[in-house]
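The file run_20.cif comes next; it holds mmCIF, C-alpha atoms and all ligand atoms.
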data_work
#
loop_
_atom_site.label_atom_id
_atom_site.label_comp_id
_atom_site.auth_asym_id
_atom_site.auth_seq_id
_atom_site.Cartn_x
_atom_site.Cartn_y
_atom_site.Cartn_z
CA MET U 1 -32.32 -102.83 35.54
CA TYR U 2 -35.01 -100.28 36.40
CA PHE U 3 -35.95 -97.55 33.92
CA LYS U 4 -38.54 -94.83 34.22
CA GLN U 5 -39.41 -91.96 31.95
CA PHE U 6 -41.06 -88.89 33.52
CA LEU U 7 -43.15 -86.83 31.10
CA HIS U 8 -43.66 -83.20 32.10
CA ASP U 9 -46.66 -81.98 30.16
CA ASP U 10 -46.28 -78.29 31.03
CA LEU U 11 -43.11 -77.88 28.93
CA GLY U 12 -43.03 -81.07 26.91
CA CYS U 13 -39.87 -82.29 28.68
CA SER U 14 -38.83 -85.80 29.63
CA SER U 15 -36.56 -86.78 32.49
CA TYR U 16 -35.32 -90.25 33.37
CA LEU U 17 -34.35 -92.46 36.27
CA ILE U 18 -32.19 -95.50 35.59
CA ALA U 19 -31.18 -97.88 38.36
CA SER U 20 -29.53 -101.20 38.97
CA ARG U 21 -31.71 -103.76 40.72
CA ASP U 22 -28.48 -105.38 41.98
CA SER U 23 -26.51 -102.49 43.44
CA ARG U 24 -29.61 -100.25 44.01
CA GLU U 25 -27.65 -97.31 42.57
CA ALA U 26 -29.65 -94.87 40.46
CA ALA U 27 -28.98 -91.99 38.06
CA VAL U 28 -31.38 -89.17 37.25
CA ILE U 29 -31.05 -87.54 33.85
CA ASP U 30 -32.36 -84.03 33.10
CA PRO U 31 -34.20 -83.61 36.44
CA GLN U 32 -37.05 -81.13 36.69
CA PRO U 33 -37.15 -78.57 39.55
CA ASP U 34 -39.75 -80.68 41.38
CA VAL U 35 -37.16 -83.09 42.76
CA GLN U 36 -39.56 -84.67 45.26
CA GLN U 37 -40.92 -86.97 42.55
CA TYR U 38 -37.48 -88.63 42.22
CA LEU U 39 -36.95 -88.76 45.99
CA ASP U 40 -40.34 -90.39 46.52
CA LEU U 41 -39.68 -92.97 43.84
CA VAL U 42 -36.28 -94.05 45.16
CA ALA U 43 -37.59 -94.12 48.74
CA GLU U 44 -40.47 -96.34 47.68
CA ARG U 45 -38.29 -98.68 45.63
CA ARG U 46 -35.21 -98.56 47.86
CA TYR U 47 -32.79 -97.12 45.33
CA LYS U 48 -30.06 -94.59 46.04
CA ILE U 49 -29.44 -91.71 43.64
CA VAL U 50 -25.69 -91.53 43.06
CA ALA U 51 -25.49 -89.58 39.79
CA ILE U 52 -27.35 -86.60 38.33
CA ILE U 53 -26.68 -85.76 34.70
CA ASP U 54 -27.97 -82.91 32.57
CA THR U 55 -27.65 -83.59 28.85
CA HIS U 56 -27.06 -79.84 28.37
CA LEU U 57 -27.80 -76.45 29.92
CA HIS U 58 -31.50 -76.06 29.22
CA ALA U 59 -32.90 -72.86 27.74
CA ASP U 60 -36.58 -73.52 28.31
CA HIS U 61 -36.82 -74.89 31.84
CA VAL U 62 -34.91 -74.72 35.09
CA SER U 63 -32.98 -77.84 36.00
CA GLY U 64 -33.43 -79.54 39.34
CA ASN U 65 -29.82 -80.78 39.20
CA ARG U 66 -28.35 -78.81 42.11
CA ASP U 67 -31.43 -79.22 44.35
CA LEU U 68 -31.39 -82.97 43.76
CA ALA U 69 -27.65 -83.14 44.42
CA ALA U 70 -28.14 -81.23 47.68
CA ALA U 71 -30.98 -83.53 48.72
CA THR U 72 -29.15 -86.79 47.95
CA GLY U 73 -25.41 -86.12 48.08
CA ALA U 74 -25.16 -87.52 44.55
CA GLN U 75 -22.49 -86.39 42.08
CA LEU U 76 -23.57 -83.80 39.54
CA TYR U 77 -22.34 -84.32 35.99
CA LEU U 78 -22.26 -82.17 32.86
CA HIS U 79 -20.13 -82.24 29.75
CA GLU U 80 -16.80 -80.50 30.32
CA GLU U 81 -17.76 -77.65 27.96
CA ALA U 82 -20.68 -76.55 30.18
CA ASP U 83 -20.09 -72.95 31.14
CA THR U 84 -21.42 -72.79 34.70
CA LEU U 85 -20.47 -70.84 37.81
CA PHE U 86 -20.87 -73.89 40.05
CA PRO U 87 -18.62 -76.95 40.18
CA PHE U 88 -19.55 -80.25 38.56
CA HIS U 89 -17.91 -83.51 37.51
CA ALA U 90 -16.84 -83.07 33.92
CA LEU U 91 -17.79 -85.68 31.36
CA ARG U 92 -15.94 -86.27 28.09
CA ASN U 93 -16.76 -88.24 24.99
CA GLY U 94 -16.22 -91.95 25.71
CA ASP U 95 -16.55 -91.69 29.50
CA ALA U 96 -18.59 -94.35 31.25
CA LEU U 97 -20.67 -94.17 34.43
CA HIS U 98 -21.51 -97.39 36.22
CA LEU U 99 -24.62 -98.31 38.19
CA GLY U 100 -23.83 -101.82 39.32
CA PRO U 101 -23.51 -103.72 36.02
CA ILE U 102 -25.29 -101.02 34.00
CA VAL U 103 -23.11 -98.68 31.96
CA LEU U 104 -23.97 -95.18 30.75
CA GLN U 105 -21.61 -94.28 27.91
CA VAL U 106 -21.11 -90.61 27.11
CA VAL U 107 -21.30 -89.43 23.51
CA HIS U 108 -20.53 -85.75 23.00
CA THR U 109 -23.22 -84.50 20.62
CA PRO U 110 -22.74 -80.71 20.30
CA GLY U 111 -25.04 -78.64 18.12
CA HIS U 112 -28.14 -77.73 20.11
CA ARG U 113 -25.68 -76.54 22.73
CA PRO U 114 -21.87 -76.85 22.75
CA GLU U 115 -21.96 -79.05 25.85
CA ALA U 116 -24.79 -81.32 24.66
CA LEU U 117 -24.29 -85.01 25.24
CA SER U 118 -26.18 -88.24 24.68
CA LEU U 119 -26.00 -91.35 26.85
CA LEU U 120 -25.88 -94.89 25.54
CA VAL U 121 -27.39 -97.36 28.00
CA VAL U 122 -25.71 -100.76 28.13
CA ASN U 123 -26.99 -103.60 30.27
CA PRO U 124 -24.24 -106.27 29.97
CA PRO U 125 -26.19 -109.14 31.54
CA ARG U 126 -28.50 -108.87 28.52
CA SER U 127 -26.17 -107.57 25.81
CA PRO U 128 -22.75 -105.99 25.40
CA GLU U 129 -24.34 -103.56 22.94
CA PRO U 130 -26.40 -100.46 23.84
CA SER U 131 -30.14 -101.01 23.84
CA MET U 132 -31.17 -97.39 24.41
CA VAL U 133 -29.89 -93.90 23.80
CA LEU U 134 -30.94 -90.92 25.90
CA SER U 135 -30.57 -88.46 23.07
CA GLY U 136 -31.11 -85.18 24.95
CA ASP U 137 -31.98 -82.39 22.51
CA THR U 138 -29.86 -83.92 19.75
CA LEU U 139 -32.35 -86.37 18.24
CA PHE U 140 -36.09 -86.03 18.81
CA VAL U 141 -38.96 -88.18 17.58
CA GLY U 142 -39.59 -86.75 14.13
CA ASP U 143 -37.18 -83.84 14.55
CA VAL U 144 -33.75 -82.74 15.75
CA GLY U 145 -32.91 -80.12 18.39
CA ARG U 146 -32.73 -76.54 17.17
CA PRO U 147 -29.09 -75.59 16.56
CA ASP U 148 -29.38 -71.81 16.88
CA LEU U 149 -28.69 -71.95 20.64
CA GLY U 150 -25.42 -73.74 19.96
CA GLY U 151 -23.39 -70.85 18.60
CA PRO U 152 -22.27 -70.08 15.04
CA ASP U 153 -21.31 -73.69 14.28
CA GLY U 154 -24.41 -75.15 15.91
CA ALA U 155 -26.12 -76.38 12.75
CA ILE U 156 -23.10 -78.11 11.26
CA GLN U 157 -22.22 -79.67 14.61
CA GLN U 158 -25.80 -80.83 15.01
CA TYR U 159 -25.68 -82.48 11.60
CA HIS U 160 -22.55 -84.45 12.53
CA SER U 161 -23.84 -85.29 16.01
CA VAL U 162 -27.01 -86.74 14.55
CA GLN U 163 -24.94 -88.75 12.06
CA LYS U 164 -22.97 -90.10 15.02
CA LEU U 165 -26.19 -91.40 16.63
CA LEU U 166 -27.31 -92.89 13.31
CA GLN U 167 -24.34 -95.26 13.49
CA LEU U 168 -26.28 -97.12 16.19
CA GLU U 169 -28.23 -100.24 15.31
CA ASP U 170 -31.85 -99.92 14.18
CA TYR U 171 -33.20 -101.60 17.32
CA VAL U 172 -31.71 -99.02 19.69
CA GLU U 173 -34.54 -97.17 21.43
CA VAL U 174 -34.42 -93.38 21.42
CA PHE U 175 -35.49 -91.46 24.53
CA PRO U 176 -35.14 -87.70 24.02
CA ALA U 177 -35.31 -84.83 26.53
CA HIS U 178 -38.41 -83.40 24.82
CA PHE U 179 -41.58 -84.67 23.19
CA GLU U 180 -42.94 -81.11 22.64
CA GLY U 181 -41.77 -77.57 23.20
CA ALA U 182 -39.54 -74.79 21.99
CA CYS U 183 -36.32 -76.78 21.52
CA GLY U 184 -37.56 -78.19 18.19
CA LYS U 185 -40.33 -77.41 15.73
CA GLY U 186 -41.54 -80.68 14.26
CA MET U 187 -41.65 -83.18 17.11
CA CYS U 188 -44.41 -85.70 16.56
CA GLY U 189 -45.48 -85.86 20.22
CA ARG U 190 -44.52 -89.46 20.96
CA PRO U 191 -42.15 -89.82 23.92
CA SER U 192 -39.83 -92.39 22.33
CA SER U 193 -38.83 -94.06 19.09
CA THR U 194 -36.07 -96.24 17.64
CA ILE U 195 -32.99 -95.39 15.61
CA GLY U 196 -34.36 -97.50 12.75
CA PHE U 197 -37.71 -95.70 12.61
CA GLU U 198 -36.09 -92.28 12.79
CA ARG U 199 -33.53 -93.25 10.15
CA ARG U 200 -36.37 -94.11 7.76
CA PHE U 201 -39.08 -91.62 8.68
CA ASN U 202 -37.62 -88.59 10.47
CA PRO U 203 -37.95 -85.88 7.77
CA LEU U 204 -34.73 -84.11 8.82
CA LEU U 205 -32.74 -87.32 8.48
CA GLN U 206 -33.76 -87.71 4.85
CA LEU U 207 -31.99 -84.46 3.90
CA SER U 208 -28.54 -83.91 2.43
CA GLU U 209 -26.13 -81.92 4.58
CA PRO U 210 -26.77 -78.61 2.69
CA GLU U 211 -30.54 -79.12 2.88
CA PHE U 212 -30.30 -79.95 6.59
CA LEU U 213 -28.25 -76.80 7.26
CA LYS U 214 -30.61 -74.62 5.26
CA LEU U 215 -33.69 -75.89 7.07
CA THR U 216 -32.32 -75.92 10.60
CA CYS U 217 -30.79 -72.44 10.21
CA GLN U 218 -34.11 -70.74 9.55
CA PRO U 219 -34.63 -68.13 12.28
CA GLN U 220 -36.86 -69.19 15.15
CA ALA U 221 -38.24 -67.43 18.19
CA GLN U 222 -36.15 -67.92 21.28
CA PRO U 223 -37.91 -69.74 24.15
CA LEU U 224 -40.06 -67.85 26.63
CA ASN U 225 -37.93 -66.42 29.48
CA MET U 226 -34.79 -67.96 28.03
CA GLU U 227 -32.46 -65.30 29.45
CA ALA U 228 -33.65 -65.85 33.01
CA ILE U 229 -33.70 -69.64 32.68
CA ILE U 230 -30.18 -69.90 31.23
CA ALA U 231 -28.83 -67.53 33.89
CA THR U 232 -30.41 -69.77 36.54
CA ASN U 233 -29.09 -72.98 35.00
CA ARG U 234 -25.59 -71.45 34.76
CA GLY U 235 -25.72 -70.51 38.43
CA GLU U 236 -25.31 -66.79 37.84
CA ALA U 237 -28.80 -65.82 39.10
CA ASP U 238 -31.87 -67.42 40.63
CA PHE U 239 -34.92 -66.95 38.46
CA GLU U 240 -36.59 -70.23 39.24
CA TRP U 241 -39.90 -68.32 39.35
CA ALA U 242 -39.42 -67.57 35.64
CA MET U 243 -40.18 -71.12 34.64
CA PRO U 244 -43.67 -71.16 33.11
CA THR U 245 -45.88 -73.43 35.19
CA TYR U 246 -49.41 -72.09 34.62
CA SER U 247 -51.20 -73.83 31.77
CA GLY U 248 -54.80 -72.85 32.54
CA PRO U 249 -57.30 -70.89 30.45
CA VAL U 250 -56.25 -67.63 28.83
CA PRO U 251 -58.47 -64.55 28.39
CA GLU U 252 -58.55 -63.58 24.73
CA VAL U 253 -59.64 -60.58 22.68
CA THR U 254 -60.46 -60.58 18.99
CA ILE U 255 -58.72 -58.22 16.60
CA ASP U 256 -61.78 -55.96 16.50
CA GLU U 257 -61.99 -55.90 20.31
CA ALA U 258 -58.27 -55.12 20.49
CA GLU U 259 -58.65 -52.28 18.01
CA SER U 260 -61.39 -50.61 20.00
CA LEU U 261 -59.58 -51.18 23.34
CA LEU U 262 -56.38 -49.63 21.98
CA GLY U 263 -58.08 -46.25 21.78
CA GLY U 264 -58.10 -46.02 25.60
CA LYS U 265 -55.23 -44.95 27.88
CA ASP U 266 -55.81 -47.91 30.16
CA VAL U 267 -54.41 -50.41 27.67
CA PHE U 268 -50.81 -51.57 27.15
CA LEU U 269 -50.06 -53.54 23.98
CA LEU U 270 -47.13 -55.93 24.44
CA ASP U 271 -45.48 -57.49 21.37
CA VAL U 272 -43.39 -60.54 22.36
CA ARG U 273 -41.95 -61.41 18.93
CA GLU U 274 -38.32 -61.33 17.81
CA PRO U 275 -36.70 -58.02 16.70
CA TRP U 276 -36.76 -58.85 12.97
CA GLU U 277 -40.47 -59.62 13.11
CA TYR U 278 -41.22 -56.41 14.99
CA GLU U 279 -39.30 -54.33 12.46
CA GLU U 280 -41.01 -55.98 9.52
CA LYS U 281 -44.59 -55.27 10.61
CA ARG U 282 -46.28 -54.38 13.86
CA ILE U 283 -49.49 -53.04 15.33
CA PRO U 284 -49.00 -49.28 15.95
CA ALA U 285 -47.98 -48.41 19.53
CA ALA U 286 -46.98 -52.01 20.28
CA TYR U 287 -44.32 -52.15 23.01
CA HIS U 288 -41.56 -54.52 22.01
CA LEU U 289 -40.28 -57.04 24.54
CA PRO U 290 -39.16 -60.37 23.03
CA GLN U 291 -40.50 -63.35 24.97
CA SER U 292 -36.99 -64.58 25.79
CA GLN U 293 -36.55 -61.42 27.93
CA LEU U 294 -40.02 -61.26 29.47
CA ALA U 295 -38.99 -62.38 32.97
CA THR U 296 -35.78 -60.31 33.16
CA ARG U 297 -37.63 -57.16 31.97
CA LEU U 298 -40.94 -57.83 33.67
CA SER U 299 -40.91 -54.45 35.44
CA GLU U 300 -41.50 -52.81 32.03
CA VAL U 301 -44.97 -54.37 31.86
CA PRO U 302 -47.40 -52.26 33.92
CA GLN U 303 -49.51 -54.02 36.57
CA ASP U 304 -52.20 -51.32 36.61
CA ARG U 305 -53.26 -51.44 32.96
CA HIS U 306 -55.06 -53.97 30.78
CA VAL U 307 -52.17 -55.77 29.04
CA LEU U 308 -52.92 -57.07 25.54
CA VAL U 309 -50.27 -59.53 24.41
CA THR U 310 -49.62 -60.08 20.74
CA CYS U 311 -47.22 -62.08 18.59
CA ARG U 312 -47.29 -63.35 14.99
CA SER U 313 -50.40 -65.52 15.02
CA GLY U 314 -51.35 -66.11 18.67
CA GLY U 315 -49.22 -69.03 19.87
CA ARG U 316 -46.49 -67.19 21.74
CA SER U 317 -48.91 -64.57 23.09
CA GLU U 318 -50.99 -67.33 24.69
CA LYS U 319 -47.94 -68.67 26.56
CA ALA U 320 -46.74 -65.18 27.52
CA THR U 321 -50.24 -64.35 28.81
CA GLN U 322 -50.20 -67.51 30.92
CA PHE U 323 -46.87 -66.44 32.37
CA LEU U 324 -48.20 -62.96 33.22
CA LEU U 325 -51.21 -64.58 34.93
CA GLN U 326 -48.76 -66.80 36.84
CA MET U 327 -46.96 -63.64 37.96
CA GLY U 328 -50.19 -62.15 39.32
CA TYR U 329 -51.17 -59.78 36.53
CA GLY U 330 -54.89 -59.19 36.99
CA ARG U 331 -55.90 -57.89 33.57
CA VAL U 332 -54.11 -59.55 30.69
CA SER U 333 -55.43 -60.93 27.39
CA SER U 334 -53.96 -62.62 24.35
CA VAL U 335 -54.80 -61.08 20.97
CA LEU U 336 -56.37 -63.81 18.83
CA GLY U 337 -54.58 -64.27 15.53
CA GLY U 338 -51.88 -61.74 16.46
CA THR U 339 -50.22 -59.26 14.11
CA GLN U 340 -51.00 -61.42 11.10
CA ALA U 341 -54.77 -61.27 11.72
CA TRP U 342 -54.50 -57.56 12.46
CA ALA U 343 -52.89 -56.89 9.08
CA GLU U 344 -55.32 -59.21 7.27
CA SER U 345 -58.22 -57.28 8.80
CA GLY U 346 -56.95 -54.17 7.04
CA TRP U 347 -55.97 -52.20 10.14
CA PRO U 348 -52.86 -50.02 9.66
CA VAL U 349 -49.40 -51.39 10.53
CA GLU U 350 -46.02 -49.79 11.23
CA THR U 351 -42.68 -50.94 9.92
CA GLY U 352 -39.01 -50.17 10.57
FE FE U 401 -32.74 -77.88 25.14
#

Could you rewrite the structure in this file as structure tokens?
Ligand SMILES: [Fe+2]
Amino acid sequence: MYFKQFLHDDLGCSSYLIASRDSREAAVIDPQPDVQQYLDLVAERRYKIVAIIDTHLHADHVSGNRDLAAATGAQLYLHEEADTLFPFHALRNGDALHLGPIVLQVVHTPGHRPEALSLLVVNPPRSPEPSMVLSGDTLFVGDVGRPDLGGPDGAIQQYHSVQKLLQLEDYVEVFPAHFEGACGKGMCGRPSSTIGFERRFNPLLQLSEPEFLKLTCQPQAQPLNMEAIIATNRGEADFEWAMPTYSGPVPEVTIDEAESLLGGKDVFLLDVREPWEYEEKRIPAAYHLPQSQLATRLSEVPQDRHVLVTCRSGGRSEKATQFLLQMGYGRVSSVLGGTQAWAESGWPVETG
């Protein structure tokens, strides 16, 4: 067996390549858009990619699934509930994919998304039992995947999907699709764990069902450029450029600098928070454009003015500023401390 985890630091995602050293067949799970890294690896090690599987339709990054399928001729797999405009081989709970002697067993784990699945990895020459689970965005290290992208029943489904994975033995290694990023809120940063460690120390797994539902249902900001990224991953549009790739330094302004700049006509204040946050409290004259829609509504952000980007406390505005820099905006700055710091400084706010 050959197993490799690819860590993508820009978005905190993990992708995987699993291969049989006997048959030389390989599967790639949750491929990133840069598919050359997988092609180079299999060329160097003389494997052949025969299967490409996405654990779900991603909301925070564009999948390389179709590009990799086109480059290799491999079959593209998703769970049967995936709502795409392109054809794929449908997987159901209990299905098995074979790479020589290695078996990938499909477990439907809806919640984060309706079509979310996990893969149990079985290597029969060593054991008839699974030794690893690729847990997608169902179970993270120290967290679970956010259920609010999974529809009205997302949280309850996520609870039961996680319970399903907890039926595995303690020694089973957990390899999720994220070690950081917007698909969870409490990931510890490690790229892998075990079922036993998570059972004992994952804070979400210590909760009763009502407590779990209450905590995971708290409203969260939707991922940056989510609308464009989901449309791309569904095959209804091509917004591959919307995937945030720039992670360099960000120009910043303090609250006092922002206040004095806002007097001038040359400045455009962009508030990238969610609607309920904007209605509750905002800096006067802030233009509202939630970060999930930034790419699809980019034309609303003027190129010829100094764009100040604000959010609640400065985290989202930093990422949105990086994206605007990526898109060629010349004058753009993140407001340090965001709306919270503005209000704490005693400057007036608007509501409603
Ligand atoms: Fe996800």

- prompt: Just how far from CA of Val335 (chain U) is CA of Glu318 (chain U), in Å to one decimal?
  reply: 8.2 Å

Proximity of chain U to ligand FE 401 (chain U): per-residue shortest pair, 10 Å limit, only C-alpha atoms and all ligand atoms, as a Markdown table:
| residue | atom | partner | partner_atom | distance |
| --- | --- | --- | --- | --- |
| U:Cys13 | CA | U:FE401 | FE | 9.1 |
| U:Thr55 | CA | U:FE401 | FE | 8.5 |
| U:His56 | CA | U:FE401 | FE | 6.8 |
| U:Leu57 | CA | U:FE401 | FE | 7.0 |
| U:His58 | CA | U:FE401 | FE | 4.6 |
| U:Ala59 | CA | U:FE401 | FE | 5.7 |
| U:Asp60 | CA | U:FE401 | FE | 6.6 |
| U:His61 | CA | U:FE401 | FE | 8.4 |
| U:His112 | CA | U:FE401 | FE | 6.8 |
| U:Arg113 | CA | U:FE401 | FE | 7.6 |
| U:Ala116 | CA | U:FE401 | FE | 8.7 |
| U:Gly136 | CA | U:FE401 | FE | 7.5 |
| U:Asp137 | CA | U:FE401 | FE | 5.3 |
| U:Thr138 | CA | U:FE401 | FE | 8.6 |
| U:Gly145 | CA | U:FE401 | FE | 7.1 |
| U:Arg146 | CA | U:FE401 | FE | 8.1 |
| U:Pro147 | CA | U:FE401 | FE | 9.6 |
| U:Leu149 | CA | U:FE401 | FE | 8.5 |
| U:Gly150 | CA | U:FE401 | FE | 9.9 |
| U:Ala177 | CA | U:FE401 | FE | 7.5 |
| U:His178 | CA | U:FE401 | FE | 7.9 |
| U:Gly181 | CA | U:FE401 | FE | 9.2 |
| U:Ala182 | CA | U:FE401 | FE | 8.1 |
| U:Cys183 | CA | U:FE401 | FE | 5.2 |
| U:Gly184 | CA | U:FE401 | FE | 8.5 |
| U:Pro223 | CA | U:FE401 | FE | 9.7 |

task: Could you please give me, as a list in words, the residues of protein, DNA or RNA lying at most 12 Å from (-31.9, -102.9, 16.0) in the coordinate frame of the file, considering all atoms listed in the file?
output: Glu129, Pro130, Ser131, Met132, Leu166, Gln167, Leu168, Glu169, Asp170, Tyr171, Val172, Glu173, Val174, Ser193, Thr194, Ile195, Gly196, Phe197, Glu198 and Arg199 of chain U

- line: Closest of U:Ala27, U:Val144, U:Gln158, U:Phe88 to Leu104 (chain U), counting only C-alpha atoms, is U:Ala27

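Taking only C-alpha atoms into account, the residues near (-50.4, -57.2, 13.9), no farther than 6 Å, are Arg282, Ile283, Gly338, Thr339, Gln340, Trp342 and Ala343 of chain U.
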
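With all atoms listed in the file as the basis for measurement, U:Asp143 is the residue among U:Asp95, U:Glu259, U:Asp143, U:Asp238 that approaches Leu207 (chain U) most closely.
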
field: Best match for closeness to Leu336 (chain U) among U:Val250, U:Ala96, U:Ile53, U:Leu261, counting all atoms listed in the file
entry: U:Val250

Could you give me, as a compact mmCIF listing (two decimals) with C-alpha atoms, in the frame of the given file, the residues within 7 Å of region 274-280 of chain U, counting all atoms listed in the file and dropping anything in the same chain fewer than 2 positions from it?
# COMPACT_ATOMS: atom_id res chain seq x y z
CA ALA U 221 -38.24 -67.43 18.19
CA VAL U 272 -43.39 -60.54 22.36
CA ARG U 282 -46.28 -54.38 13.86
CA PRO U 290 -39.16 -60.37 23.03
CA THR U 351 -42.68 -50.94 9.92
CA GLY U 352 -39.01 -50.17 10.57

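The space separating CA of Glu350 (chain U) from CA of Gln322 (chain U) comes to 26.8 Å.
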